[in-house]
file structure.txt (compact mmCIF, C-alpha atoms)
# COMPACT_ATOMS: atom_id res chain seq x y z
CA MET Z 1 -14.27 7.87 6.12
CA GLU Z 2 -10.88 9.55 6.32
CA LYS Z 3 -9.37 10.72 3.03
CA ILE Z 4 -5.62 10.99 2.56
CA THR Z 5 -3.51 12.34 -0.25
CA PHE Z 6 -0.38 10.60 -1.48
CA THR Z 7 2.24 12.25 -3.62
CA PRO Z 8 4.16 9.67 -5.67
CA GLN Z 9 7.73 10.44 -6.66
CA GLU Z 10 6.54 10.65 -10.26
CA GLY Z 11 4.31 13.58 -9.23
CA GLY Z 12 0.58 14.12 -9.28
CA ALA Z 13 -1.38 13.76 -6.04
CA VAL Z 14 -3.53 10.65 -5.57
CA GLU Z 15 -6.39 10.54 -3.07
CA PHE Z 16 -7.45 7.42 -1.19
CA TYR Z 17 -10.00 6.66 1.50
CA ILE Z 18 -8.74 4.66 4.48
CA LEU Z 19 -10.91 1.62 5.14
CA GLU Z 20 -8.80 0.14 7.94
CA GLN Z 21 -5.36 0.23 9.53
CA THR Z 22 -3.42 -2.46 11.37
CA MET Z 23 0.05 -3.16 12.70
CA ILE Z 24 1.66 -6.55 12.10
CA GLY Z 25 5.13 -7.34 13.39
CA GLY Z 26 5.82 -3.68 14.08
CA THR Z 27 4.88 -2.62 10.54
CA ASN Z 28 1.88 -0.39 9.85
CA TYR Z 29 -0.47 -1.38 7.00
CA LEU Z 30 -3.35 0.57 5.46
CA LEU Z 31 -6.27 -0.81 3.47
CA VAL Z 32 -7.30 2.00 1.13
CA THR Z 33 -9.77 2.47 -1.71
CA ASP Z 34 -10.25 4.99 -4.48
CA SER Z 35 -14.02 5.16 -3.95
CA GLU Z 36 -15.85 6.58 -0.94
CA SER Z 37 -18.86 4.34 -1.52
CA GLY Z 38 -19.59 1.16 -3.41
CA ASP Z 39 -17.11 -1.17 -5.01
CA GLY Z 40 -13.79 0.43 -5.70
CA GLU Z 41 -10.20 -0.47 -6.36
CA ALA Z 42 -8.55 -1.44 -3.06
CA LEU Z 43 -4.86 -1.48 -2.22
CA ILE Z 44 -2.84 -2.54 0.79
CA LEU Z 45 -0.07 -0.10 1.62
CA CYS Z 46 2.93 -0.74 3.87
CA ASP Z 47 4.71 1.97 5.90
CA VAL Z 48 8.38 1.78 4.89
CA SER Z 49 9.52 5.02 6.55
CA ALA Z 50 12.20 5.18 9.21
CA PRO Z 51 11.17 6.29 12.72
CA GLU Z 52 13.08 9.56 12.29
CA ASP Z 53 11.33 10.43 8.99
CA PRO Z 54 9.10 13.52 9.33
CA GLU Z 55 6.37 11.96 7.15
CA ALA Z 56 5.24 8.40 6.61
CA VAL Z 57 6.32 6.73 3.38
CA TYR Z 58 4.00 4.04 2.03
CA GLU Z 59 4.49 1.51 -0.75
CA ILE Z 60 1.94 -0.79 -2.35
CA VAL Z 61 2.29 -4.35 -1.06
CA ASP Z 62 3.01 -6.52 -4.09
CA ASP Z 63 4.69 -9.58 -2.56
CA ASP Z 64 2.09 -12.38 -2.84
CA GLY Z 65 2.90 -13.93 0.55
CA THR Z 66 2.71 -10.64 2.42
CA LEU Z 67 -0.36 -9.56 0.47
CA ASN Z 68 -2.24 -12.78 1.30
CA ALA Z 69 -1.33 -12.61 4.99
CA VAL Z 70 -2.24 -8.95 5.45
CA ALA Z 71 -5.44 -9.32 3.38
CA ALA Z 72 -6.52 -12.17 5.68
CA VAL Z 73 -6.01 -9.92 8.72
CA PHE Z 74 -8.06 -7.13 7.16
CA GLU Z 75 -10.85 -9.59 6.26
CA LYS Z 76 -10.99 -10.71 9.92
CA ILE Z 77 -11.02 -7.14 11.21
CA MET Z 78 -13.71 -6.08 8.74
CA ASP Z 79 -16.01 -9.07 8.64
CA ASP Z 80 -18.30 -7.40 6.09
CA ILE Z 81 -15.74 -7.32 3.23
CA ASP Z 82 -14.06 -9.81 0.94
CA ILE Z 83 -10.73 -8.93 -0.59
CA ILE Z 84 -10.39 -10.34 -4.09
CA GLN Z 85 -6.84 -10.52 -5.36

call {"tool": "encode", "arguments": {"input": "structure.txt", "output": "structure tokens"}}
result
Amino acid sequence: MEKITFTPQEGGAVEFYILEQTMIGGTNYLLVTDSESGDGEALILCDVSAPEDPEAVYEIVDDDGTLNAVAAVFEKIMDDIDIIQ
């Protein structure tokens, strides 16, 4: 499982493991977890960077409509998981 490190603007690096990635309507989404194995905290992140940005910028998806739609896509892609919101 690929591990990535995020650096929030507030500082302090945070590591996540990428479970899955998908693109919906031209926007890239990541399903990440804080645990390499077992049940962990999962988040859906949305790429909000501009095409000319040197690095991707991700934000946590917190809009209920978007979260439900993207979670449904990830559940279909990964038929062995259930996303509990």

call {"tool": "residues_near_point", "arguments": {"input": "structure.txt", "point": "(8.6, 0.5, 5.0)", "cutoff": "7 Å", "atoms": "only C-alpha atoms", "output": "list in words"}}
result
Cys46, Asp47, Val48, Ser49, Val57 and Tyr58 of chain Z

call {"tool": "closest_residue", "arguments": {"input": "structure.txt", "among": "Z:Val70, Z:Met23, Z:Met1, Z:Ile77", "to": "Z:Leu43", "atoms": "only C-alpha atoms"}}
result
Z:Val70

call {"tool": "axis_aligned_box", "arguments": {"input": "structure.txt", "around": "stretch 23-36 of chain Z", "padding_each_side": "3 Å", "output": "JSON"}}
result
{"center_x": -5.0, "center_y": -0.4, "center_z": 4.8, "size_x": 27.7, "size_y": 19.9, "size_z": 24.6}

call {"tool": "residues_around", "arguments": {"input": "structure.txt", "residues": "Z:Glu15", "least_positions_apart": "5", "cutoff": "12 Å", "atoms": "all atoms listed in the file", "output": "ChimeraX atom specification"}}
result
/Z:2-8,32-36

call {"tool": "closest_residue", "arguments": {"input": "structure.txt", "among": "Z:Asn68, Z:Val73, Z:Glu59, Z:Thr22", "to": "Z:Gln9", "atoms": "only C-alpha atoms"}}
result
Z:Glu59

call {"tool": "residues_around", "arguments": {"input": "structure.txt", "residues": "Z:Phe74", "least_positions_apart": "4", "cutoff": "9 Å", "atoms": "all atoms listed in the file", "output": "PyMOL selection string"}}
result
chain Z and resi 20-22+31+69-70+78-79+81+83

call {"tool": "atom_distance", "arguments": {"input": "structure.txt", "atom1": "atom CA of Z:Tyr29", "atom2": "atom CA of Z:Gly12"}}
result
22.5 Å

call {"tool": "atom_distance", "arguments": {"input": "structure.txt", "atom1": "atom CA of Z:Ala50", "atom2": "atom CA of Z:Gly26"}}
result
12.0 Å

call {"tool": "atom_distance", "arguments": {"input": "structure.txt", "atom1": "atom CA of Z:Ala42", "atom2": "atom CA of Z:Phe16"}}
result
9.1 Å

call {"tool": "closest_residue", "arguments": {"input": "structure.txt", "among": "Z:Leu67, Z:Glu75, Z:Val61, Z:Leu19", "to": "Z:Ser37", "atoms": "all atoms listed in the file"}}
result
Z:Leu19
